[in-house]
file work.txt (compact mmCIF, C-alpha atoms and all ligand atoms)
# COMPACT_ATOMS: atom_id res chain seq x y z
CA MET H 1 -13.89 19.12 8.65
CA ASN H 2 -16.89 18.20 6.57
CA VAL H 3 -19.45 16.56 8.91
CA GLY H 4 -21.05 14.40 6.18
CA LEU H 5 -17.69 12.91 5.27
CA GLU H 6 -16.88 12.22 8.92
CA GLU H 7 -20.11 10.27 9.28
CA LEU H 8 -19.48 8.30 6.09
CA PHE H 9 -15.94 7.32 7.12
CA ARG H 10 -17.20 6.33 10.57
CA GLU H 11 -19.74 4.00 8.95
CA MET H 12 -16.91 2.42 6.93
CA LYS H 13 -14.82 2.08 10.13
CA ILE H 14 -12.09 4.24 8.59
CA GLU H 15 -10.53 6.32 11.35
CA TYR H 16 -7.85 8.23 9.43
CA PHE H 17 -8.72 10.54 6.55
CA ALA H 18 -8.26 14.16 5.50
CA VAL H 19 -9.00 16.49 2.60
CA ILE H 20 -6.04 18.26 1.06
CA PRO H 21 -5.62 20.53 -1.99
CA TYR H 22 -4.30 18.68 -5.07
CA SER H 23 -1.90 21.57 -5.72
CA ASP H 24 -0.03 20.65 -2.50
CA LEU H 25 0.72 17.09 -3.62
CA VAL H 26 3.53 15.42 -5.58
CA VAL H 27 2.27 14.24 -8.97
CA THR H 28 4.21 11.16 -10.07
CA ARG H 29 1.90 9.93 -12.85
CA ASP H 30 0.58 12.94 -14.70
CA ASP H 31 -0.47 10.62 -17.55
CA ILE H 32 -3.13 9.03 -15.29
CA MET H 33 -4.74 12.41 -14.48
CA LYS H 34 -4.54 13.55 -18.10
CA ARG H 35 -6.90 10.74 -19.08
CA GLU H 36 -9.64 12.34 -16.94
CA ASP H 37 -11.84 15.13 -18.25
CA PHE H 38 -11.74 17.24 -15.09
CA THR H 39 -9.27 19.49 -13.29
CA PRO H 40 -8.14 17.95 -9.98
CA ARG H 41 -8.59 20.34 -7.06
CA SER H 42 -9.25 18.41 -3.83
CA VAL H 43 -8.07 15.02 -2.65
CA ILE H 44 -9.61 12.92 0.09
CA VAL H 45 -6.75 10.77 1.42
CA TYR H 46 -7.50 7.88 3.77
CA LEU H 47 -5.82 4.90 5.43
CA LEU H 48 -7.06 1.32 5.31
CA PRO H 49 -5.36 -0.68 8.08
CA TYR H 50 -4.99 -4.32 7.00
CA TYR H 51 -3.22 -6.34 9.70
CA THR H 52 -5.22 -9.48 10.47
CA GLY H 53 -2.52 -11.73 11.97
CA GLU H 54 0.70 -13.44 11.01
CA THR H 55 1.43 -15.18 7.72
CA VAL H 56 3.85 -17.98 6.79
CA ASN H 57 5.17 -17.60 3.24
CA ILE H 58 3.40 -14.56 1.83
CA SER H 59 3.50 -10.93 2.81
CA ARG H 60 0.92 -9.85 5.39
CA TYR H 61 -0.64 -7.44 2.93
CA SER H 62 -1.51 -10.28 0.54
CA ALA H 63 -3.19 -12.57 3.11
CA SER H 64 -6.58 -10.97 2.49
CA LEU H 65 -8.51 -10.47 -0.70
CA ASP H 66 -6.94 -7.90 -3.02
CA TYR H 67 -6.91 -4.49 -1.32
CA HIS H 68 -7.76 -2.84 -4.63
CA ILE H 69 -11.24 -4.32 -4.20
CA ALA H 70 -11.53 -2.69 -0.76
CA ILE H 71 -10.35 0.62 -2.18
CA GLY H 72 -12.92 0.24 -5.00
CA GLU H 73 -15.68 -0.22 -2.40
CA VAL H 74 -14.61 2.92 -0.53
CA SER H 75 -14.41 4.88 -3.80
CA ALA H 76 -17.95 3.77 -4.70
CA ARG H 77 -19.31 4.97 -1.33
CA LEU H 78 -17.48 8.29 -1.63
CA GLY H 79 -18.76 8.64 -5.20
CA GLU H 80 -22.37 8.20 -4.05
CA TYR H 81 -21.88 10.80 -1.33
CA ILE H 82 -20.28 13.35 -3.68
CA LYS H 83 -22.96 12.84 -6.36
CA GLU H 84 -25.64 13.48 -3.76
CA GLN H 85 -23.99 16.55 -2.22
CA PHE H 86 -22.35 18.04 -5.31
CA PRO H 87 -24.29 16.84 -8.38
CA ASP H 88 -22.05 18.75 -10.83
CA ALA H 89 -18.75 17.52 -9.45
CA SER H 90 -16.41 15.12 -11.21
CA PHE H 91 -14.28 12.62 -9.30
CA ARG H 92 -12.30 9.39 -9.41
CA GLY H 93 -11.01 7.08 -6.68
CA TYR H 94 -7.48 5.68 -6.73
CA GLY H 95 -5.26 3.40 -4.75
CA ASP H 96 -1.78 2.34 -5.82
CA HIS H 97 -2.25 3.12 -9.50
CA SER H 98 -2.64 6.79 -8.69
CA PRO H 99 -1.45 10.07 -10.23
CA ILE H 100 0.07 11.11 -6.89
CA ASP H 101 2.79 9.88 -4.52
CA GLU H 102 0.42 8.39 -1.97
CA ARG H 103 2.91 8.24 0.91
CA HIS H 104 3.62 11.93 0.45
CA ALA H 105 -0.12 12.69 0.30
CA ALA H 106 -0.85 10.85 3.55
CA LEU H 107 2.15 12.50 5.21
CA ALA H 108 1.06 15.97 4.08
CA ALA H 109 -2.46 15.17 5.31
CA GLY H 110 -1.04 14.45 8.77
CA LEU H 111 -2.10 10.79 8.79
CA GLY H 112 1.30 9.50 9.82
CA ILE H 113 5.05 10.02 9.89
CA ALA H 114 7.75 9.15 7.34
CA GLY H 115 9.69 5.97 8.09
CA ASP H 116 13.26 5.38 6.96
CA SER H 117 11.82 2.14 5.59
CA GLY H 118 10.22 4.26 2.88
CA LEU H 119 6.79 3.67 4.37
CA LEU H 120 4.22 5.82 6.11
CA ILE H 121 3.86 4.99 9.80
CA ASN H 122 0.50 5.60 11.47
CA GLU H 123 0.34 6.19 15.24
CA LYS H 124 -2.13 3.32 15.78
CA TYR H 125 -1.59 0.80 12.97
CA GLY H 126 2.13 1.27 12.29
CA THR H 127 3.01 0.63 8.65
CA TYR H 128 0.29 -2.01 8.12
CA ILE H 129 -1.92 0.34 6.17
CA PHE H 130 -2.89 0.93 2.57
CA ILE H 131 -3.35 4.48 1.34
CA GLY H 132 -6.35 5.39 -0.79
CA ASP H 133 -7.09 8.68 -2.50
CA PHE H 134 -10.21 10.17 -4.03
CA ILE H 135 -9.67 13.10 -6.38
CA THR H 136 -12.38 15.64 -7.24
CA ASP H 137 -12.76 19.01 -8.95
CA ILE H 138 -14.52 20.50 -5.91
CA ASP H 139 -12.97 23.64 -4.48
CA PRO H 140 -10.75 22.62 -1.51
CA GLU H 141 -12.33 25.34 0.63
CA ILE H 142 -15.81 23.91 0.12
CA LEU H 143 -14.55 20.56 1.45
CA SER H 144 -12.74 22.30 4.35
CA ALA H 145 -9.37 21.08 3.08
CA LYS H 146 -6.44 21.48 5.43
CA ALA H 147 -3.06 23.05 4.72
CA PRO H 148 -0.24 20.48 4.38
CA GLU H 149 1.35 19.57 7.70
CA GLU H 150 5.05 19.86 8.46
CA PRO H 151 6.40 16.33 7.78
CA LYS H 152 7.46 14.32 10.82
CA ARG H 153 10.01 11.49 10.69
CA CYS H 154 10.52 8.22 12.57
CA ILE H 155 13.17 7.81 15.27
CA SER H 156 15.70 6.54 12.68
CA CYS H 157 16.72 3.56 14.83
CA GLY H 158 18.33 1.90 11.80
CA ALA H 159 16.68 -1.52 12.31
CA CYS H 160 15.02 -1.57 8.87
CA ARG H 161 18.19 -0.54 7.07
CA GLU H 162 20.18 -3.20 8.87
CA ALA H 163 17.64 -5.98 8.31
CA CYS H 164 16.91 -5.25 4.63
CA PRO H 165 18.02 -8.45 2.85
CA THR H 166 18.94 -6.88 -0.48
CA GLY H 167 20.53 -3.73 0.89
CA ALA H 168 17.93 -1.62 -0.95
CA LEU H 169 17.38 0.50 2.16
CA ARG H 170 21.13 0.99 2.55
CA GLY H 171 21.46 2.18 -1.05
CA GLU H 172 23.52 -0.91 -1.86
CA SER H 173 21.08 -2.42 -4.34
CA PRO H 174 18.32 -1.06 -6.55
CA GLU H 175 16.27 -4.21 -5.91
CA CYS H 176 13.71 -4.76 -3.20
CA LEU H 177 12.83 -8.38 -2.40
CA SER H 178 9.16 -7.49 -2.79
CA ALA H 179 9.88 -6.43 -6.39
CA ILE H 180 11.90 -9.61 -7.03
CA THR H 181 8.89 -11.79 -6.15
CA GLN H 182 6.84 -9.78 -8.66
CA LYS H 183 9.29 -10.17 -11.56
CA LYS H 184 8.21 -12.23 -14.54
CA GLY H 185 10.46 -14.77 -16.25
CA ALA H 186 13.56 -16.51 -14.90
CA LEU H 187 15.17 -15.27 -11.68
CA THR H 188 18.89 -15.39 -10.93
CA GLU H 189 20.29 -17.89 -8.40
CA TYR H 190 20.93 -14.95 -6.05
CA GLU H 191 17.28 -13.84 -6.27
CA LYS H 192 16.02 -17.39 -5.75
CA GLY H 193 18.36 -17.74 -2.78
CA LEU H 194 16.89 -14.64 -1.15
CA MET H 195 13.33 -15.92 -1.58
CA ARG H 196 14.26 -19.28 -0.02
CA ARG H 197 16.19 -17.74 2.83
CA TYR H 198 13.31 -15.45 3.77
CA ASN H 199 10.62 -17.99 2.79
CA THR H 200 8.58 -15.66 0.65
CA ALA H 201 6.41 -16.57 -2.30
CA TRP H 202 5.08 -13.01 -2.46
CA GLY H 203 6.19 -9.65 -1.07
CA CYS H 204 8.59 -8.81 1.75
CA ASP H 205 7.74 -7.65 5.28
CA ILE H 206 11.21 -7.60 6.81
CA CYS H 207 11.64 -3.82 7.18
CA GLN H 208 8.16 -3.69 8.72
CA SER H 209 8.63 -6.65 11.09
CA VAL H 210 11.67 -5.08 12.77
CA CYS H 211 10.21 -1.58 13.09
CA PRO H 212 9.54 -0.54 16.71
CA TYR H 213 6.31 1.14 15.63
CA ASN H 214 5.00 -2.28 14.54
CA GLN H 215 5.77 -4.32 17.63
CA ASN H 216 2.20 -4.61 18.97
CA PRO H 217 0.21 -4.52 15.76
CA VAL H 218 -3.42 -3.53 16.18
CA LYS H 219 -5.75 -5.68 14.11
CA THR H 220 -7.85 -3.89 11.56
CA PRO H 221 -11.51 -3.11 12.35
CA ILE H 222 -12.34 -3.45 8.65
CA GLU H 223 -14.22 -6.69 8.02
CA PHE H 224 -13.16 -6.93 4.36
CA PHE H 225 -9.62 -7.96 5.33
CA TYR H 226 -10.79 -11.03 7.28
CA ARG H 227 -12.75 -12.49 4.34
CA ASP H 228 -11.11 -15.53 2.68
CA ARG H 229 -7.83 -14.87 4.44
CA ILE H 230 -4.88 -17.19 3.78
CA ASP H 231 -1.61 -17.40 5.71
CA THR H 232 0.21 -20.04 3.66
CA LEU H 233 0.24 -20.49 -0.08
CA THR H 234 0.98 -23.94 -1.52
CA ALA H 235 1.06 -25.31 -5.05
CA ASP H 236 -2.13 -27.25 -4.20
CA SER H 237 -4.01 -24.30 -2.74
CA LEU H 238 -2.99 -22.20 -5.73
CA SER H 239 -4.04 -24.78 -8.33
CA SER H 240 -7.39 -25.29 -6.59
CA MET H 241 -8.21 -21.58 -6.97
CA SER H 242 -10.62 -20.92 -9.84
CA LYS H 243 -9.74 -18.19 -12.32
CA GLU H 244 -12.17 -15.90 -10.52
CA GLU H 245 -10.82 -16.69 -7.05
CA PHE H 246 -7.26 -16.13 -8.21
CA SER H 247 -8.17 -12.80 -9.81
CA LYS H 248 -9.31 -11.52 -6.38
CA ARG H 249 -5.87 -11.92 -4.82
CA ALA H 250 -3.24 -9.19 -4.45
CA PHE H 251 -0.66 -11.53 -6.03
CA ALA H 252 -2.76 -12.05 -9.18
CA TRP H 253 -1.62 -9.01 -11.11
CA ARG H 254 1.61 -10.63 -12.35
CA GLY H 255 -0.25 -13.76 -13.46
CA ARG H 256 -0.58 -17.29 -12.10
CA LYS H 257 2.69 -18.44 -13.70
CA THR H 258 4.74 -15.95 -11.66
CA VAL H 259 3.26 -17.21 -8.37
CA GLU H 260 3.66 -20.87 -9.46
CA ARG H 261 7.30 -20.17 -10.25
CA ASN H 262 7.80 -18.61 -6.82
CA LEU H 263 6.30 -21.64 -5.08
CA GLU H 264 8.52 -23.97 -7.15
CA ILE H 265 11.55 -21.96 -6.01
CA LEU H 266 10.53 -22.44 -2.35
CA ASP H 267 9.76 -26.17 -2.94
CA ASP H 268 13.24 -26.75 -4.36
CA PHE H 269 14.56 -25.69 -1.00
CA VAL H 270 12.44 -28.21 0.92
CA ASP H 271 13.58 -31.16 -1.32
C1 LIG R 301 6.03 1.08 -7.22
C2 LIG R 301 5.64 0.74 -5.81
C3 LIG R 301 6.40 -0.24 -5.15
C4 LIG R 301 7.72 -0.75 -5.72
C5 LIG R 301 8.78 0.34 -5.47
C6 LIG R 301 8.67 0.91 -4.05
C7 LIG R 301 9.15 2.36 -3.87
N1 LIG R 301 9.92 2.54 -2.80
O1 LIG R 301 8.81 3.26 -4.61
C8 LIG R 301 7.92 -2.07 -4.92
C9 LIG R 301 7.37 -3.25 -5.71
C10 LIG R 301 9.36 -2.39 -4.53
C11 LIG R 301 7.03 -1.83 -3.71
C12 LIG R 301 7.15 -2.53 -2.54
C13 LIG R 301 6.35 -2.34 -1.44
N2 LIG R 301 5.23 -1.59 -1.39
CO1 LIG R 301 4.70 -0.35 -2.80
N3 LIG R 301 4.12 0.97 -3.99
C14 LIG R 301 4.54 1.36 -5.17
C15 LIG R 301 3.63 2.49 -5.73
C16 LIG R 301 2.62 1.85 -6.68
C17 LIG R 301 4.33 3.64 -6.41
C18 LIG R 301 5.53 4.18 -5.62
C19 LIG R 301 6.30 5.13 -6.47
O2 LIG R 301 5.76 5.82 -7.32
N4 LIG R 301 7.59 5.15 -6.27
C20 LIG R 301 8.48 6.03 -7.00
C21 LIG R 301 8.84 7.28 -6.17
C22 LIG R 301 7.63 8.23 -5.98
O3 LIG R 301 9.23 6.86 -4.86
P1 LIG R 301 10.69 7.05 -4.25
O4 LIG R 301 11.69 6.88 -5.32
O5 LIG R 301 10.78 6.15 -3.04
O6 LIG R 301 10.77 8.55 -3.75
C23 LIG R 301 9.75 9.27 -3.18
C24 LIG R 301 9.45 8.96 -1.73
O7 LIG R 301 10.58 8.65 -0.96
C25 LIG R 301 9.01 10.33 -1.36
N5 LIG R 301 8.33 10.67 -0.22
C26 LIG R 301 7.71 11.81 -0.29
N6 LIG R 301 6.93 11.92 0.75
C27 LIG R 301 7.04 10.81 1.50
C28 LIG R 301 6.38 10.47 2.65
C29 LIG R 301 6.66 9.27 3.28
C30 LIG R 301 5.84 8.87 4.46
C31 LIG R 301 7.69 8.46 2.76
C32 LIG R 301 8.08 7.25 3.51
C33 LIG R 301 8.32 8.80 1.56
C34 LIG R 301 7.97 9.99 0.93
O8 LIG R 301 9.94 11.22 -1.90
C35 LIG R 301 10.25 10.71 -3.19
C36 LIG R 301 9.67 11.52 -4.31
O9 LIG R 301 8.29 11.75 -4.19
C37 LIG R 301 2.96 3.00 -4.39
C38 LIG R 301 1.58 3.65 -4.58
C39 LIG R 301 1.66 5.12 -4.98
N7 LIG R 301 0.98 5.48 -6.06
O10 LIG R 301 2.30 5.95 -4.33
C40 LIG R 301 2.94 1.72 -3.54
C41 LIG R 301 3.09 1.82 -2.01
C42 LIG R 301 4.20 2.79 -1.68
N8 LIG R 301 3.52 0.47 -1.62
C43 LIG R 301 3.01 0.06 -0.54
C44 LIG R 301 3.34 -1.17 0.09
C45 LIG R 301 2.40 -1.69 1.17
C46 LIG R 301 4.49 -1.88 -0.29
C47 LIG R 301 5.15 -3.07 0.45
C48 LIG R 301 5.12 -2.94 1.97
C49 LIG R 301 4.48 -4.40 0.01
C50 LIG R 301 5.16 -5.62 0.56
N9 LIG R 301 4.90 -5.98 1.81
O11 LIG R 301 5.88 -6.30 -0.13
C51 LIG R 301 6.59 -3.00 -0.12
C52 LIG R 301 7.48 -2.11 0.77
C53 LIG R 301 8.82 -1.80 0.20
C54 LIG R 301 9.40 -0.52 0.81
N10 LIG R 301 10.06 -0.64 1.96
O12 LIG R 301 9.23 0.57 0.23
C55 LIG R 301 2.06 1.08 0.06
C56 LIG R 301 2.75 1.76 1.24
C57 LIG R 301 1.88 1.94 2.47
C58 LIG R 301 2.68 2.62 3.54
N11 LIG R 301 2.47 2.22 4.79
O13 LIG R 301 3.47 3.51 3.31
C59 LIG R 301 1.77 2.02 -1.16
C60 LIG R 301 1.53 3.48 -0.81
C61 LIG R 301 0.52 1.44 -1.88
C62 LIG R 301 -0.80 1.80 -1.20
N12 LIG R 301 -1.71 2.40 -1.97
O14 LIG R 301 -1.01 1.60 -0.04
N13 LIG R 301 6.12 -0.85 -3.95
S1 LIG R 302 10.49 -4.81 1.59
FE1 LIG R 302 12.26 -6.15 2.11
S2 LIG R 302 13.79 -5.85 0.47
FE2 LIG R 302 12.24 -4.23 0.29
S3 LIG R 302 13.08 -2.49 1.40
FE3 LIG R 302 11.86 -3.63 2.91
S4 LIG R 302 13.26 -5.14 3.85
FE4 LIG R 302 14.27 -4.32 2.00
S1 LIG R 303 12.81 0.45 11.76
FE1 LIG R 303 13.57 2.32 12.81
S2 LIG R 303 14.49 3.51 11.16
FE2 LIG R 303 13.21 1.99 10.17
S3 LIG R 303 11.22 3.01 9.86
FE3 LIG R 303 11.10 1.93 11.81
S4 LIG R 303 11.73 3.47 13.36
FE4 LIG R 303 12.38 4.24 11.34
call {"tool": "encode", "arguments": {"input": "work.txt", "output": "structure tokens"}}
result
Amino acid sequence: MNVGLEELFREMKIEYFAVIPYSDLVVTRDDIMKREDFTPRSVIVYLLPYYTGETVNISRYSASLDYHIAIGEVSARLGEYIKEQFPDASFRGYGDHSPIDERHAALAAGLGIAGDSGLLINEKYGTYIFIGDFITDIDPEILSAKAPEEPKRCISCGACREACPTGALRGESPECLSAITQKKGALTEYEKGLMRRYNTAWGCDICQSVCPYNQNPVKTPIEFFYRDRIDTLTADSLSSMSKEEFSKRAFAWRGRKTVERNLEILDDFVD
């Protein structure tokens, strides 16, 4: 492993990372990579644990400021390092909106195991992790990239499949409750009913809450996730957020109207 990278990740309090050849990964969004003017050869994959405590009516991942900002900060630090060490190299950092299947990348990099919930499970932080990736045209050998690991799976206890409110994990429905809360426009009575029943204005944590690997969640050492944390979203707290404050939230990407609608749906239940 590259000693300089180890030091950099230690400074950022990121414990889980690995370099892996791009050619070993599953490309799901080739269009994203095609926009770049370099040939992808090595990928630095890393995990950002985010658990900071329990939430009331939003998913745990959205309690903190938008994780894309945290990923942007890591990408900037990695970019500085690469520019210094490899002045001719090209690179780009990603997270979420990435050319590759990030769960597969982290699994191949040996950073966790595959859960039947569809999520990567890390030995220390369970599923409460974001996956970031930093793609460069540096030869994988120069970065001491590792060969992909044999994928390992969870114990398949069935708890997530059983608890999944839509049946998405049982193959009974194409819809995940997390996706429902992100939909624009009018929702069906069935969809609204699910949101009220599980009291969610954003996201869904049910398959994660029941997972045995998540029963004693370790809080993240990364300070970013404790900044401006919220556990409950209300119509008042939402309306008091300035445009700038709102734009820094993970639930901002579908627009304020979508979140307002979700809160109205939950309010109808209280009345
Ligand atoms: C679109 C998307 C969604 C959609 C669709 C989810 C889905 N199952 O694909 C919706 C909105 C529903 C969603 C919900 C959530 N998401 Co999401 N999502 C994505 C995104 C942007 C793309 C996924 C994608 O391309 N899917 C389409 C294809 C590739 O997936 P697929 O049909 O399931 O089939 C593939 C996998 O099963 C796969 N596979 C291959 N190797 C591996 C390895 C492992 C470990 C696993 C489990 C699977 C797997 O094989 C198939 C083909 O490649 C990724 C980021 C990324 N670029 O990868 C984040 C991502 C998967 N989401 C993430 C998160 C946190 C969530 C939520 C927990 C948020 C929440 N609390 O509400 C939920 C969890 C729902 C669930 N149980 O899956 C994290 C997952 C972190 C983790 N621990 O694994 C990711 C990686 C984002 C990130 N950068 O951290 N998400
Ligand atoms: S996030 Fe919720 S709806 Fe989606 S798969 Fe998990 S339990 Fe099912
Ligand atoms: S709840 Fe059980 S089956 Fe689902 S991911 Fe966790 S260990 Fe695997």
call {"tool": "residues_near_ligand", "arguments": {"input": "work.txt", "ligand": "ligand LIG 302 (chain R)", "cutoff": "12 Å", "atoms": "all atoms listed in the file", "output": "MDAnalysis selection string"}}
result
chainID H and resid 59:61 115:119 127 158:182 191 194:195 198:200 202:211
call {"tool": "residues_around", "arguments": {"input": "work.txt", "residues": "Thr39 in chain H", "least_positions_apart": "6", "cutoff": "12 Å", "atoms": "all atoms listed in the file", "output": "PyMOL selection string"}}
result
chain H and resi 21-23+30+33+89-92+135-139
call {"tool": "closest_residue", "arguments": {"input": "work.txt", "among": "H:Asp88, H:Glu36, H:Asp236, H:Glu149", "to": "ligand LIG 301 (chain R)", "atoms": "only C-alpha atoms and all ligand atoms"}}
result
H:Glu149
call {"tool": "closest_residue", "arguments": {"input": "work.txt", "among": "H:Leu238, H:Val259, H:Ile121, H:Leu47", "to": "ligand LIG 303 (chain R)", "atoms": "only C-alpha atoms and all ligand atoms"}}
result
H:Ile121
call {"tool": "closest_residue", "arguments": {"input": "work.txt", "among": "H:Ala70, H:Glu15, H:Thr55, H:Ala105", "to": "ligand LIG 301 (chain R)", "atoms": "only C-alpha atoms and all ligand atoms"}}
result
H:Ala105
call {"tool": "atom_distance", "arguments": {"input": "work.txt", "atom1": "CA of Pro99 in chain H", "atom2": "CA of Phe86 in chain H"}}
result
22.9 Å
call {"tool": "residues_around", "arguments": {"input": "work.txt", "residues": "Ser144 in chain H", "least_positions_apart": "3", "cutoff": "12 Å", "atoms": "only C-alpha atoms", "output": "list in words"}}
result
Met1, Asn2, Val3, Gly4, Leu5, Glu6, Ala18, Val19, Ile20, Pro21, Ser42, Val43, Ile44, Ile138, Asp139, Pro140, Glu141 and Ala147 of chain H
call {"tool": "atom_distance", "arguments": {"input": "work.txt", "atom1": "atom S2 of ligand LIG 303 (chain R)", "atom2": "CA of Ala108 in chain H"}}
result
19.6 Å
call {"tool": "atom_distance", "arguments": {"input": "work.txt", "atom1": "CA of Arg254 in chain H", "atom2": "CA of Lys184 in chain H"}}
result
7.1 Å
call {"tool": "closest_residue", "arguments": {"input": "work.txt", "among": "H:Phe246, H:Phe225, H:Tyr190, H:Tyr46", "to": "ligand LIG 301 (chain R)", "atoms": "all atoms listed in the file"}}
result
H:Tyr46
call {"tool": "residues_around", "arguments": {"input": "work.txt", "residues": "Phe130 in chain H", "least_positions_apart": "4", "cutoff": "8 Å", "atoms": "all atoms listed in the file", "output": "mmCIF file with C-alpha atoms, keeping the file's coordinate frame"}}
result
data_model
loop_
_atom_site.group_PDB
_atom_site.id
_atom_site.type_symbol
_atom_site.label_atom_id
_atom_site.label_comp_id
_atom_site.auth_asym_id
_atom_site.auth_seq_id
_atom_site.Cartn_x
_atom_site.Cartn_y
_atom_site.Cartn_z
ATOM 1 C CA LEU H 47 -5.820 4.900 5.430
ATOM 2 C CA LEU H 48 -7.060 1.320 5.310
ATOM 3 C CA PRO H 49 -5.360 -0.680 8.080
ATOM 4 C CA TYR H 50 -4.990 -4.320 7.000
ATOM 5 C CA TYR H 67 -6.910 -4.490 -1.320
#
call {"tool": "closest_residue", "arguments": {"input": "work.txt", "among": "H:Leu143, H:Leu8, H:Leu65, H:Ala114", "to": "Ala252 in chain H", "atoms": "all atoms listed in the file"}}
result
H:Leu65
call {"tool": "closest_residue", "arguments": {"input": "work.txt", "among": "H:Ser98, H:Ser247, H:Thr220, H:Ser237", "to": "ligand LIG 301 (chain R)", "atoms": "only C-alpha atoms and all ligand atoms"}}
result
H:Ser98
call {"tool": "axis_aligned_box", "arguments": {"input": "work.txt", "around": "ligand LIG 301 (chain R)", "padding_each_side": "4 Å", "output": "lines of an AutoDock Vina configuration file"}}
result
center_x = 5.0
center_y = 2.8
center_z = -1.3
size_x = 21.4
size_y = 26.2
size_z = 20.1
call {"tool": "decode", "arguments": {"input": "work.txt", "residues": "range 210-229 of chain H", "atoms": "N, CA and C atoms", "output": "PDB file, in the first residue's frame"}}
result
ATOM      1  N   VAL H 210     -32.922  -3.331  11.208  1.00  0.00           N
ATOM      2  CA  VAL H 210     -33.118  -4.711  11.686  1.00  0.00           C
ATOM      3  C   VAL H 210     -31.889  -5.600  11.483  1.00  0.00           C
ATOM      4  N   CYS H 211     -30.904  -5.101  10.782  1.00  0.00           N
ATOM      5  CA  CYS H 211     -29.747  -5.940  10.428  1.00  0.00           C
ATOM      6  C   CYS H 211     -28.867  -6.215  11.652  1.00  0.00           C
ATOM      7  N   PRO H 212     -28.558  -7.480  11.921  1.00  0.00           N
ATOM      8  CA  PRO H 212     -27.719  -7.792  13.091  1.00  0.00           C
ATOM      9  C   PRO H 212     -26.356  -7.105  13.079  1.00  0.00           C
ATOM     10  N   TYR H 213     -25.852  -6.802  11.908  1.00  0.00           N
ATOM     11  CA  TYR H 213     -24.542  -6.132  11.830  1.00  0.00           C
ATOM     12  C   TYR H 213     -24.622  -4.658  12.269  1.00  0.00           C
ATOM     13  N   ASN H 214     -25.863  -4.164  12.462  1.00  0.00           N
ATOM     14  CA  ASN H 214     -26.028  -2.747  12.825  1.00  0.00           C
ATOM     15  C   ASN H 214     -26.521  -2.566  14.252  1.00  0.00           C
ATOM     16  N   GLN H 215     -26.466  -3.616  15.058  1.00  0.00           N
ATOM     17  CA  GLN H 215     -27.136  -3.506  16.357  1.00  0.00           C
ATOM     18  C   GLN H 215     -26.415  -2.629  17.379  1.00  0.00           C
ATOM     19  N   ASN H 216     -25.107  -2.496  17.294  1.00  0.00           N
ATOM     20  CA  ASN H 216     -24.392  -1.587  18.197  1.00  0.00           C
ATOM     21  C   ASN H 216     -23.622  -0.600  17.343  1.00  0.00           C
ATOM     22  N   PRO H 217     -24.339   0.328  16.696  1.00  0.00           N
ATOM     23  CA  PRO H 217     -23.651   1.174  15.722  1.00  0.00           C
ATOM     24  C   PRO H 217     -22.543   2.018  16.349  1.00  0.00           C
ATOM     25  N   VAL H 218     -21.407   2.008  15.685  1.00  0.00           N
ATOM     26  CA  VAL H 218     -20.266   2.802  16.150  1.00  0.00           C
ATOM     27  C   VAL H 218     -20.409   4.189  15.530  1.00  0.00           C
ATOM     28  N   LYS H 219     -20.302   5.215  16.364  1.00  0.00           N
ATOM     29  CA  LYS H 219     -20.427   6.577  15.826  1.00  0.00           C
ATOM     30  C   LYS H 219     -19.213   6.933  14.981  1.00  0.00           C
ATOM     31  N   THR H 220     -19.446   7.751  13.995  1.00  0.00           N
ATOM     32  CA  THR H 220     -18.372   8.111  13.078  1.00  0.00           C
ATOM     33  C   THR H 220     -17.314   9.003  13.752  1.00  0.00           C
ATOM     34  N   PRO H 221     -16.043   8.814  13.411  1.00  0.00           N
ATOM     35  CA  PRO H 221     -15.005   9.716  13.935  1.00  0.00           C
ATOM     36  C   PRO H 221     -14.891  10.988  13.087  1.00  0.00           C
ATOM     37  N   ILE H 222     -15.681  11.064  12.015  1.00  0.00           N
ATOM     38  CA  ILE H 222     -15.510  12.187  11.083  1.00  0.00           C
ATOM     39  C   ILE H 222     -16.375  13.372  11.514  1.00  0.00           C
ATOM     40  N   GLU H 223     -15.711  14.458  11.861  1.00  0.00           N
ATOM     41  CA  GLU H 223     -16.355  15.623  12.461  1.00  0.00           C
ATOM     42  C   GLU H 223     -17.428  16.236  11.564  1.00  0.00           C
ATOM     43  N   PHE H 224     -17.233  16.174  10.262  1.00  0.00           N
ATOM     44  CA  PHE H 224     -18.171  16.766   9.297  1.00  0.00           C
ATOM     45  C   PHE H 224     -19.616  16.368   9.600  1.00  0.00           C
ATOM     46  N   PHE H 225     -19.817  15.074   9.959  1.00  0.00           N
ATOM     47  CA  PHE H 225     -21.179  14.568  10.091  1.00  0.00           C
ATOM     48  C   PHE H 225     -21.900  15.071  11.350  1.00  0.00           C
ATOM     49  N   TYR H 226     -21.167  15.702  12.265  1.00  0.00           N
ATOM     50  CA  TYR H 226     -21.807  16.237  13.473  1.00  0.00           C
ATOM     51  C   TYR H 226     -22.209  17.706  13.304  1.00  0.00           C
ATOM     52  N   ARG H 227     -21.723  18.330  12.239  1.00  0.00           N
ATOM     53  CA  ARG H 227     -22.012  19.755  12.003  1.00  0.00           C
ATOM     54  C   ARG H 227     -23.471  19.951  11.601  1.00  0.00           C
ATOM     55  N   ASP H 228     -24.171  20.872  12.243  1.00  0.00           N
ATOM     56  CA  ASP H 228     -25.552  21.222  11.872  1.00  0.00           C
ATOM     57  C   ASP H 228     -26.452  19.998  11.695  1.00  0.00           C
ATOM     58  N   ARG H 229     -26.323  19.070  12.611  1.00  0.00           N
ATOM     59  CA  ARG H 229     -27.108  17.841  12.522  1.00  0.00           C
ATOM     60  C   ARG H 229     -28.560  18.097  12.932  1.00  0.00           C
TER      61      ARG H 229
END
